[in-house]
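The data block below is model-v3.tsv; it holds TSV, C-alpha atoms.
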chain	number	residue	atom	x	y	z
M	1	MET	CA	27.38	-43.15	33.04
M	2	LEU	CA	29.08	-43.54	29.69
M	3	ALA	CA	25.89	-42.46	27.90
M	4	ILE	CA	25.62	-39.38	30.11
M	5	ARG	CA	29.25	-38.42	29.41
M	6	ASN	CA	28.71	-38.86	25.69
M	7	ARG	CA	25.62	-36.64	25.75
M	8	ARG	CA	27.50	-33.98	27.70
M	9	ARG	CA	30.44	-34.17	25.31
M	10	LYS	CA	28.06	-33.80	22.32
M	11	ALA	CA	26.35	-30.78	23.92
M	12	VAL	CA	29.72	-29.09	24.46
M	13	VAL	CA	30.74	-29.70	20.84
M	14	LEU	CA	27.46	-28.30	19.51
M	15	ALA	CA	27.64	-25.22	21.74
M	16	THR	CA	31.24	-24.57	20.66
M	17	ALA	CA	30.26	-24.88	17.00
M	18	ALA	CA	27.44	-22.42	17.46
M	19	VAL	CA	29.77	-19.88	19.06
M	20	LEU	CA	32.32	-20.27	16.27
M	21	ALA	CA	29.63	-19.88	13.64
M	22	GLY	CA	28.51	-16.66	15.24
M	23	LEU	CA	32.08	-15.36	15.26
M	24	THR	CA	32.73	-16.19	11.62
M	25	ALA	CA	29.36	-15.31	10.09
M	26	PRO	CA	29.45	-12.11	8.01
M	27	SER	CA	27.59	-9.17	9.46
M	28	LEU	CA	24.46	-8.05	7.60
M	29	THR	CA	23.59	-4.43	6.96
M	30	ALA	CA	19.85	-3.91	6.97
M	31	SER	CA	18.16	-2.15	4.07
M	32	PRO	CA	15.84	0.77	4.83
M	33	ALA	CA	13.19	-0.34	7.31
M	34	THR	CA	9.89	-1.64	6.01
M	35	ALA	CA	6.75	-2.36	7.99
M	36	THR	CA	5.39	-5.88	7.62
M	37	THR	CA	2.24	-7.54	8.84
M	38	THR	CA	3.80	-10.72	10.12
M	39	THR	CA	7.45	-11.32	10.95
M	40	THR	CA	10.71	-9.67	9.97
M	41	THR	CA	11.34	-9.72	6.22
M	42	THR	CA	14.55	-10.96	4.69
M	43	ASN	CA	15.99	-7.48	4.07
M	44	THR	CA	14.98	-5.56	7.17
M	45	ALA	CA	14.80	-5.76	10.92
M	46	THR	CA	11.61	-3.76	11.30
M	47	THR	CA	8.07	-5.07	11.66
M	48	ASN	CA	4.76	-3.31	12.05
M	49	THR	CA	4.89	-3.83	15.81
M	50	ASP	CA	7.76	-1.34	16.03
M	51	TYR	CA	5.31	1.33	14.88
M	52	ASP	CA	2.65	0.21	17.35
M	53	ASP	CA	4.64	1.70	20.23
M	54	THR	CA	5.29	4.96	18.40
M	55	TYR	CA	3.36	5.94	15.29
M	56	TYR	CA	0.20	3.93	16.08
M	57	LYS	CA	0.35	4.13	19.85
M	58	ASP	CA	-2.92	6.12	20.14
M	59	ALA	CA	-4.78	3.60	17.97
M	60	ILE	CA	-3.66	0.32	19.51
M	61	GLY	CA	-6.45	-1.48	21.35
M	62	LYS	CA	-9.26	0.47	19.69
M	63	THR	CA	-11.91	-0.82	17.30
M	64	GLY	CA	-14.67	0.46	15.03
M	65	ALA	CA	-15.37	4.19	14.89
M	66	SER	CA	-12.87	4.90	17.66
M	67	LEU	CA	-10.09	3.19	15.70
M	68	LYS	CA	-11.03	5.03	12.51
M	69	SER	CA	-11.00	8.37	14.32
M	70	SER	CA	-7.60	7.72	15.89
M	71	LEU	CA	-6.08	6.61	12.59
M	72	HIS	CA	-7.49	9.69	10.87
M	73	THR	CA	-5.73	11.94	13.38
M	74	ILE	CA	-2.47	10.01	13.03
M	75	ILE	CA	-2.25	9.89	9.24
M	76	SER	CA	-3.50	13.44	8.69
M	77	ASP	CA	-0.12	14.70	9.89
M	78	GLN	CA	1.60	14.65	6.51
M	79	THR	CA	3.68	16.62	4.06
M	80	LYS	CA	1.62	17.52	0.99
M	81	LEU	CA	3.00	17.39	-2.54
M	82	SER	CA	2.19	19.45	-5.60
M	83	TYR	CA	0.74	17.59	-8.55
M	84	SER	CA	3.90	18.17	-10.58
M	85	ALA	CA	6.03	16.73	-7.76
M	86	VAL	CA	4.04	13.49	-7.97
M	87	TRP	CA	5.90	12.50	-11.15
M	88	ASP	CA	9.26	12.25	-9.41
M	89	ALA	CA	7.74	10.73	-6.29
M	90	LEU	CA	6.20	7.86	-8.26
M	91	LYS	CA	9.53	7.18	-9.94
M	92	ALA	CA	10.86	6.38	-6.48
M	93	THR	CA	7.87	4.76	-4.78
M	94	ASP	CA	7.08	2.43	-7.68
M	95	GLU	CA	10.58	1.72	-8.93
M	96	ASP	CA	11.08	-1.73	-10.41
M	97	PRO	CA	13.26	-3.57	-7.87
M	98	ASP	CA	14.94	-5.42	-10.76
M	99	ASN	CA	15.53	-2.34	-12.94
M	100	SER	CA	16.13	1.02	-11.29
M	101	GLY	CA	15.42	2.83	-14.56
M	102	ASN	CA	11.82	1.59	-14.67
M	103	VAL	CA	8.58	1.75	-12.71
M	104	ILE	CA	6.01	-1.02	-12.29
M	105	LEU	CA	2.61	-0.10	-13.70
M	106	LEU	CA	-0.22	-0.82	-11.29
M	107	TYR	CA	-2.91	-2.49	-13.39
M	108	SER	CA	-0.81	-4.13	-16.09
M	109	GLY	CA	2.21	-5.14	-14.00
M	110	VAL	CA	4.47	-4.01	-16.85
M	111	SER	CA	7.92	-2.57	-16.12
M	112	ARG	CA	8.29	0.66	-18.11
M	113	SER	CA	11.00	3.30	-18.40
M	114	LYS	CA	10.70	6.14	-15.92
M	115	SER	CA	11.28	8.56	-18.79
M	116	LEU	CA	8.08	7.45	-20.54
M	117	ASN	CA	5.82	9.50	-18.30
M	118	GLY	CA	3.25	11.60	-20.08
M	119	GLY	CA	-0.01	11.39	-21.93
M	120	ASP	CA	0.76	9.58	-25.17
M	121	THR	CA	0.05	5.96	-26.10
M	122	GLY	CA	2.86	3.86	-24.62
M	123	ASP	CA	3.44	6.33	-21.79
M	124	TRP	CA	2.50	5.94	-18.15
M	125	ASN	CA	0.58	8.56	-16.20
M	126	ARG	CA	-0.65	9.30	-12.68
M	127	GLU	CA	-3.63	7.11	-11.86
M	128	HIS	CA	-5.92	8.23	-9.04
M	129	VAL	CA	-7.01	4.89	-7.58
M	130	TRP	CA	-9.71	6.77	-5.70
M	131	ALA	CA	-11.07	8.37	-8.86
M	132	LYS	CA	-10.68	12.13	-8.52
M	133	SER	CA	-14.22	12.77	-9.71
M	134	HIS	CA	-15.60	10.82	-6.72
M	135	GLY	CA	-15.70	13.82	-4.44
M	136	ASP	CA	-14.65	16.28	-7.13
M	137	PHE	CA	-11.20	16.99	-5.69
M	138	GLY	CA	-9.41	16.91	-9.03
M	139	THR	CA	-5.65	17.38	-8.78
M	140	SER	CA	-5.78	19.80	-5.87
M	141	THR	CA	-3.02	19.52	-3.28
M	142	GLY	CA	-4.40	17.05	-0.75
M	143	PRO	CA	-6.45	14.08	-1.97
M	144	GLY	CA	-5.59	14.94	-5.57
M	145	THR	CA	-1.86	14.61	-4.90
M	146	ASP	CA	-1.78	11.99	-2.13
M	147	ILE	CA	0.70	9.40	-3.37
M	148	HIS	CA	-0.71	6.71	-1.13
M	149	HIS	CA	-3.35	6.29	-3.85
M	150	LEU	CA	-1.57	7.70	-6.90
M	151	ARG	CA	0.17	5.02	-8.95
M	152	PRO	CA	1.84	4.74	-12.37
M	153	SER	CA	-0.54	3.31	-14.95
M	154	ASP	CA	-0.46	2.73	-18.68
M	155	VAL	CA	-2.21	5.67	-20.33
M	156	ARG	CA	-4.66	3.52	-22.26
M	157	VAL	CA	-5.45	1.17	-19.36
M	158	ASN	CA	-5.95	4.20	-17.11
M	159	SER	CA	-8.45	5.54	-19.62
M	160	VAL	CA	-10.33	2.23	-19.62
M	161	ARG	CA	-10.59	2.32	-15.84
M	162	GLY	CA	-11.75	5.95	-15.94
M	163	ASN	CA	-13.73	6.73	-12.78
M	164	LYS	CA	-15.36	3.31	-12.43
M	165	ASP	CA	-15.94	1.75	-9.03
M	166	PHE	CA	-14.33	-1.58	-8.17
M	167	ASP	CA	-16.14	-4.90	-8.47
M	168	ASN	CA	-15.63	-8.42	-9.82
M	169	GLY	CA	-16.36	-9.35	-13.39
M	170	GLY	CA	-16.32	-8.04	-16.92
M	171	SER	CA	-14.27	-8.64	-20.02
M	172	ALA	CA	-10.49	-8.59	-20.33
M	173	VAL	CA	-8.76	-5.23	-20.60
M	174	SER	CA	-6.26	-5.27	-23.46
M	175	GLY	CA	-2.78	-4.86	-21.97
M	176	GLY	CA	-4.30	-4.86	-18.49
M	177	GLY	CA	-2.39	-7.83	-17.11
M	178	GLY	CA	-5.57	-9.76	-16.37
M	179	SER	CA	-7.71	-6.81	-15.32
M	180	LEU	CA	-11.41	-6.91	-16.22
M	181	THR	CA	-14.01	-4.22	-16.83
M	182	ASP	CA	-17.67	-3.72	-17.65
M	183	SER	CA	-19.94	-0.71	-17.98
M	184	ASP	CA	-19.77	0.40	-14.35
M	185	SER	CA	-16.85	-1.34	-12.65
M	186	PHE	CA	-13.20	-2.33	-12.89
M	187	GLU	CA	-11.44	-5.41	-11.50
M	188	PRO	CA	-7.63	-5.12	-11.28
M	189	ARG	CA	-5.30	-8.06	-11.79
M	190	ASP	CA	-5.14	-10.52	-8.90
M	191	ALA	CA	-1.67	-9.48	-7.72
M	192	VAL	CA	-2.78	-5.94	-6.79
M	193	LYS	CA	-6.38	-6.40	-5.70
M	194	GLY	CA	-5.41	-6.07	-2.06
M	195	ASP	CA	-3.21	-3.07	-2.85
M	196	VAL	CA	-6.18	-1.33	-4.49
M	197	ALA	CA	-8.46	-2.12	-1.56
M	198	ARG	CA	-6.01	-0.81	1.03
M	199	MET	CA	-5.51	2.41	-0.94
M	200	ILE	CA	-9.26	2.95	-1.00
M	201	PHE	CA	-9.59	2.29	2.73
M	202	TYR	CA	-6.71	4.68	3.42
M	203	MET	CA	-8.48	7.46	1.52
M	204	ALA	CA	-11.74	6.85	3.38
M	205	VAL	CA	-9.95	7.30	6.71
M	206	ARG	CA	-7.60	10.13	5.74
M	207	TYR	CA	-10.23	12.41	4.17
M	208	GLU	CA	-13.16	12.87	6.54
M	209	GLY	CA	-14.52	16.21	5.38
M	210	GLY	CA	-11.78	18.45	6.76
M	211	ASP	CA	-9.12	20.30	4.75
M	212	GLY	CA	-11.92	21.79	2.65
M	213	PHE	CA	-12.50	18.49	0.83
M	214	ALA	CA	-15.39	16.05	0.78
M	215	ASP	CA	-15.84	13.23	3.30
M	216	LEU	CA	-14.77	10.17	1.30
M	217	GLU	CA	-16.51	6.91	2.16
M	218	VAL	CA	-16.59	3.33	0.88
M	219	ASN	CA	-20.09	2.02	0.18
M	220	GLY	CA	-21.79	-1.13	-1.05
M	221	GLN	CA	-22.56	-0.16	-4.61
M	222	VAL	CA	-21.07	0.77	-7.97
M	223	GLY	CA	-22.02	3.63	-10.26
M	224	ASN	CA	-21.32	6.28	-7.63
M	225	GLY	CA	-20.52	8.92	-10.24
M	226	SER	CA	-19.32	12.23	-8.78
M	227	ASN	CA	-20.53	11.43	-5.26
M	228	PRO	CA	-17.71	11.13	-2.69
M	229	TYR	CA	-18.14	7.35	-2.48
M	230	ILE	CA	-16.46	4.31	-3.99
M	231	GLY	CA	-17.60	0.70	-3.90
M	232	LYS	CA	-17.98	-2.08	-3.68
M	233	LEU	CA	-17.30	-2.49	0.03
M	234	SER	CA	-17.82	-6.26	0.27
M	235	VAL	CA	-15.57	-6.87	-2.73
M	236	LEU	CA	-12.82	-4.57	-1.48
M	237	LYS	CA	-12.85	-6.30	1.90
M	238	ALA	CA	-12.54	-9.68	0.17
M	239	TRP	CA	-9.63	-8.41	-1.93
M	240	ASN	CA	-7.88	-7.18	1.21
M	241	ASP	CA	-8.13	-10.69	2.66
M	242	GLU	CA	-7.24	-12.58	-0.51
M	243	ASP	CA	-4.20	-10.49	-1.46
M	244	PRO	CA	-2.23	-9.55	1.68
M	245	PRO	CA	0.55	-6.95	1.55
M	246	ASP	CA	3.67	-8.10	-0.28
M	247	ALA	CA	7.24	-6.79	-0.17
M	248	PHE	CA	6.67	-4.26	-2.97
M	249	GLU	CA	3.65	-2.72	-1.26
M	250	GLU	CA	5.38	-2.64	2.13
M	251	HIS	CA	8.50	-1.05	0.67
M	252	ARG	CA	6.38	1.54	-1.11
M	253	ASN	CA	4.63	2.45	2.16
M	254	GLN	CA	8.02	2.94	3.78
M	255	VAL	CA	9.36	5.17	0.99
M	256	VAL	CA	6.24	7.38	1.19
M	257	TYR	CA	6.71	7.60	4.96
M	258	ASP	CA	10.48	8.18	4.97
M	259	ASP	CA	10.98	10.42	1.95
M	260	TYR	CA	7.76	12.13	0.90
M	261	GLN	CA	4.55	12.47	2.92
M	262	HIS	CA	5.83	11.15	6.26
M	263	ASN	CA	2.58	9.34	6.93
M	264	ARG	CA	1.69	5.68	6.52
M	265	ASN	CA	-1.13	3.61	5.09
M	266	PRO	CA	-2.23	1.80	8.27
M	267	PHE	CA	-3.97	-0.97	6.34
M	268	ILE	CA	-0.67	-2.10	4.86
M	269	ASP	CA	0.80	-2.36	8.35
M	270	HIS	CA	-2.41	-3.80	9.85
M	271	PRO	CA	-4.73	-5.22	7.15
M	272	GLU	CA	-6.90	-6.70	9.92
M	273	TRP	CA	-7.98	-3.15	10.81
M	274	VAL	CA	-10.19	-3.16	7.71
M	275	GLU	CA	-12.51	-5.71	9.30
M	276	SER	CA	-12.37	-3.88	12.61
M	277	ILE	CA	-13.63	-0.64	11.03
M	278	TRP	CA	-15.91	-1.94	8.30

Render the structure in this file as structure tokens.
Amino acid sequence: MLAIRNRRRKAVVLATAAVLAGLTAPSLTASPATATTTTTTTNTATTNTDYDDTYYKDAIGKTGASLKSSLHTIISDQTKLSYSAVWDALKATDEDPDNSGNVILLYSGVSRSKSLNGGDTGDWNREHVWAKSHGDFGTSTGPGTDIHHLRPSDVRVNSVRGNKDFDNGGSAVSGGGGSLTDSDSFEPRDAVKGDVARMIFYMAVRYEGGDGFADLEVNGQVGNGSNPYIGKLSVLKAWNDEDPPDAFEEHRNQVVYDDYQHNRNPFIDHPEWVESIW
């Protein structure tokens, strides 16, 4: 009986302590919501499942071509930017979280002043991750200005990438943060390989031959030239698996959704949908 009373007394003490802790703990104000692929992040109370009941409700439970078609319909409802407006958008979407006056450059990982945007050596410019010549859409409003695949990049590194497809291998790109290149392909640094893959998969779902633009597709080869294809599918799928979405990528997706295009990259919210479609 004494042991039982002691256990009960201990339970009461612990319960009381828990209540007091809850009363005295400071309240936390959540930062702008970000979609994650697992559980709630440290600075937000929103996860990707919150969008499953709203934004993605017509896609949930589908697979393959049916899933791709549903996602296309969902993400095609967007606000379109002019090419000149992309400059200011990228200064917000790719802002360095440790220095609000800088942006993070995609391929090199360098933090560079927002004011150094332009076309000179040492500047950063607007990189089309889905090379604009693959489908010949240029900088036209639509795929040419879709900031889900437009990222700040060092001018020289951007030139090295050119319109090459994505694949593993090559020699080191000077100032490329570990990126590699050869005659017909480009391999970004490890930390953004998944980011690159998910941008490519977004473009292949968003642009299906409507809007007066080409039907963009991911294929299994490199050297696609001006055809509306980008490879290499098997490599991009592997990158999606090896480099899951991180806080920067998730935050960027949220800023695009909240403040600019009002559509999402579904493969950041649900990277497993890549395997379901491809």

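With distances restricted to only C-alpha atoms, M:Ser108 is the closest residue to Asp190 of chain M from M:Ser171, M:Ser108, M:Gln221, M:Thr54.
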
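Nearest to Arg264 of chain M of all the residues M:Asn117, M:Ser174, M:Ser76, M:Ser185 is M:Ser76, based on all atoms listed in the file.
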
| query | Do you have the atom CA of Leu180 of chain M-atom CA of Val86 of chain M distance handy? | reply |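 A separation of 26.9 Å between them.
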
Listed atoms of segment 269-277 of chain M boxed along x, y and z, 4 Å each side, centre and edge lengths in Å, one decimal, as lines of an AutoDock Vina configuration file:
center_x = -6.4
center_y = -3.7
center_z = 9.9
size_x = 22.4
size_y = 14.1
size_z = 13.5

| request: For atom CA of Asn102 of chain M and atom CA of Asp123 of chain M, quote the distance in Å rounded to one decimal. | output: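 So the answer is 12.0 Å.
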
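Considering the residues M:Ile104, M:Ile277, M:Leu71, M:Ala65 and counting only C-alpha atoms, Pro152 of chain M has its shortest atom-to-atom contact with M:Ile104.
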
At a cut-off of 12 Å, using all atoms listed in the file, what residues contact Tyr202 of chain M? Leave out same-chain residues fewer than 5 positions from it and give the result as a PDB file with C-alpha atoms, keeping the file's coordinate frame.
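Listed below is the output, around06.pdb:
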ATOM      1  CA  LYS M  68     -11.030   5.030  12.510  1.00  0.00           C
ATOM      2  CA  LEU M  71      -6.080   6.610  12.590  1.00  0.00           C
ATOM      3  CA  HIS M  72      -7.490   9.690  10.870  1.00  0.00           C
ATOM      4  CA  ILE M  74      -2.470  10.010  13.030  1.00  0.00           C
ATOM      5  CA  ILE M  75      -2.250   9.890   9.240  1.00  0.00           C
ATOM      6  CA  SER M  76      -3.500  13.440   8.690  1.00  0.00           C
ATOM      7  CA  VAL M 129      -7.010   4.890  -7.580  1.00  0.00           C
ATOM      8  CA  TRP M 130      -9.710   6.770  -5.700  1.00  0.00           C
ATOM      9  CA  PRO M 143      -6.450  14.080  -1.970  1.00  0.00           C
ATOM     10  CA  ASP M 146      -1.780  11.990  -2.130  1.00  0.00           C
ATOM     11  CA  ILE M 147       0.700   9.400  -3.370  1.00  0.00           C
ATOM     12  CA  HIS M 148      -0.710   6.710  -1.130  1.00  0.00           C
ATOM     13  CA  HIS M 149      -3.350   6.290  -3.850  1.00  0.00           C
ATOM     14  CA  LEU M 150      -1.570   7.700  -6.900  1.00  0.00           C
ATOM     15  CA  ASP M 195      -3.210  -3.070  -2.850  1.00  0.00           C
ATOM     16  CA  VAL M 196      -6.180  -1.330  -4.490  1.00  0.00           C
ATOM     17  CA  ALA M 197      -8.460  -2.120  -1.560  1.00  0.00           C
ATOM     18  CA  TYR M 207     -10.230  12.410   4.170  1.00  0.00           C
ATOM     19  CA  GLU M 208     -13.160  12.870   6.540  1.00  0.00           C
ATOM     20  CA  LEU M 216     -14.770  10.170   1.300  1.00  0.00           C
ATOM     21  CA  GLU M 217     -16.510   6.910   2.160  1.00  0.00           C
ATOM     22  CA  VAL M 218     -16.590   3.330   0.880  1.00  0.00           C
ATOM     23  CA  ASN M 253       4.630   2.450   2.160  1.00  0.00           C
ATOM     24  CA  ASN M 263       2.580   9.340   6.930  1.00  0.00           C
ATOM     25  CA  ARG M 264       1.690   5.680   6.520  1.00  0.00           C
ATOM     26  CA  ASN M 265      -1.130   3.610   5.090  1.00  0.00           C
ATOM     27  CA  PRO M 266      -2.230   1.800   8.270  1.00  0.00           C
ATOM     28  CA  PHE M 267      -3.970  -0.970   6.340  1.00  0.00           C
ATOM     29  CA  ILE M 268      -0.670  -2.100   4.860  1.00  0.00           C
ATOM     30  CA  ASP M 269       0.800  -2.360   8.350  1.00  0.00           C
ATOM     31  CA  HIS M 270      -2.410  -3.800   9.850  1.00  0.00           C
ATOM     32  CA  PRO M 271      -4.730  -5.220   7.150  1.00  0.00           C
ATOM     33  CA  TRP M 273      -7.980  -3.150  10.810  1.00  0.00           C
ATOM     34  CA  VAL M 274     -10.190  -3.160   7.710  1.00  0.00           C
ATOM     35  CA  ILE M 277     -13.630  -0.640  11.030  1.00  0.00           C
TER      36      ILE M 277
END

| request: Determine the nearest neighbour of Glu187 of chain M from the options M:Val235, M:Trp278, M:Thr141, M:Pro228, counting all atoms listed in the file. | output: M:Val235

| task | Measure the distance from atom CA of Gly220 of chain M to atom CA of Glu272 of chain M in Å and round it to one decimal. | result |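 A separation of 19.3 Å between them.
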
Filled-in N, CA and C atoms of segment 228-256 of chain M, supplied as a short mmCIF file (atom, residue, chain, number, x, y, z; two decimals), in the coordinates of the input:
data_model
loop_
_atom_site.label_atom_id
_atom_site.label_comp_id
_atom_site.auth_asym_id
_atom_site.auth_seq_id
_atom_site.Cartn_x
_atom_site.Cartn_y
_atom_site.Cartn_z
N PRO M 228 -18.99 11.43 -3.35
CA PRO M 228 -17.71 11.13 -2.69
C PRO M 228 -17.66 9.71 -2.11
N TYR M 229 -18.10 8.75 -2.91
CA TYR M 229 -18.14 7.35 -2.48
C TYR M 229 -17.48 6.47 -3.54
N ILE M 230 -16.94 5.35 -3.07
CA ILE M 230 -16.46 4.31 -3.99
C ILE M 230 -16.85 2.96 -3.41
N GLY M 231 -17.28 2.07 -4.27
CA GLY M 231 -17.60 0.70 -3.90
C GLY M 231 -16.73 -0.24 -4.73
N LYS M 232 -16.92 -1.46 -4.45
CA LYS M 232 -17.98 -2.08 -3.68
C LYS M 232 -17.38 -2.62 -2.40
N LEU M 233 -17.92 -2.21 -1.26
CA LEU M 233 -17.30 -2.49 0.03
C LEU M 233 -17.03 -3.98 0.24
N SER M 234 -18.00 -4.83 0.01
CA SER M 234 -17.82 -6.26 0.27
C SER M 234 -16.72 -6.84 -0.58
N VAL M 235 -16.61 -6.38 -1.82
CA VAL M 235 -15.57 -6.87 -2.73
C VAL M 235 -14.19 -6.38 -2.29
N LEU M 236 -14.10 -5.12 -1.93
CA LEU M 236 -12.82 -4.57 -1.48
C LEU M 236 -12.33 -5.26 -0.20
N LYS M 237 -13.24 -5.57 0.69
CA LYS M 237 -12.85 -6.30 1.90
C LYS M 237 -12.34 -7.70 1.55
N ALA M 238 -12.99 -8.35 0.60
CA ALA M 238 -12.54 -9.68 0.17
C ALA M 238 -11.17 -9.60 -0.48
N TRP M 239 -10.94 -8.57 -1.29
CA TRP M 239 -9.63 -8.41 -1.93
C TRP M 239 -8.54 -8.17 -0.89
N ASN M 240 -8.84 -7.41 0.14
CA ASN M 240 -7.88 -7.18 1.21
C ASN M 240 -7.47 -8.49 1.87
N ASP M 241 -8.42 -9.39 2.04
CA ASP M 241 -8.13 -10.69 2.66
C ASP M 241 -7.37 -11.62 1.71
N GLU M 242 -7.78 -11.62 0.45
CA GLU M 242 -7.24 -12.58 -0.51
C GLU M 242 -5.84 -12.22 -0.98
N ASP M 243 -5.50 -10.95 -0.97
CA ASP M 243 -4.20 -10.49 -1.46
C ASP M 243 -3.52 -9.65 -0.38
N PRO M 244 -2.88 -10.30 0.59
CA PRO M 244 -2.23 -9.55 1.68
C PRO M 244 -1.04 -8.74 1.18
N PRO M 245 -0.57 -7.78 1.97
CA PRO M 245 0.55 -6.95 1.55
C PRO M 245 1.79 -7.78 1.20
N ASP M 246 2.43 -7.43 0.10
CA ASP M 246 3.67 -8.10 -0.28
C ASP M 246 4.84 -7.14 -0.08
N ALA M 247 6.04 -7.59 -0.42
CA ALA M 247 7.24 -6.79 -0.17
C ALA M 247 7.23 -5.48 -0.94
N PHE M 248 6.71 -5.48 -2.17
CA PHE M 248 6.67 -4.26 -2.97
C PHE M 248 5.77 -3.22 -2.31
N GLU M 249 4.60 -3.65 -1.88
CA GLU M 249 3.65 -2.72 -1.26
C GLU M 249 4.19 -2.19 0.07
N GLU M 250 4.81 -3.06 0.84
CA GLU M 250 5.38 -2.64 2.13
C GLU M 250 6.53 -1.65 1.93
N HIS M 251 7.38 -1.96 0.95
CA HIS M 251 8.50 -1.05 0.67
C HIS M 251 7.98 0.31 0.21
N ARG M 252 6.96 0.30 -0.63
CA ARG M 252 6.38 1.54 -1.11
C ARG M 252 5.85 2.39 0.05
N ASN M 253 5.15 1.75 0.99
CA ASN M 253 4.63 2.45 2.16
C ASN M 253 5.76 3.11 2.94
N GLN M 254 6.89 2.41 3.03
CA GLN M 254 8.02 2.94 3.78
C GLN M 254 8.65 4.13 3.07
N VAL M 255 8.77 4.06 1.74
CA VAL M 255 9.36 5.17 0.99
C VAL M 255 8.48 6.42 1.11
N VAL M 256 7.15 6.24 1.01
CA VAL M 256 6.24 7.38 1.19
C VAL M 256 6.44 7.99 2.57
#
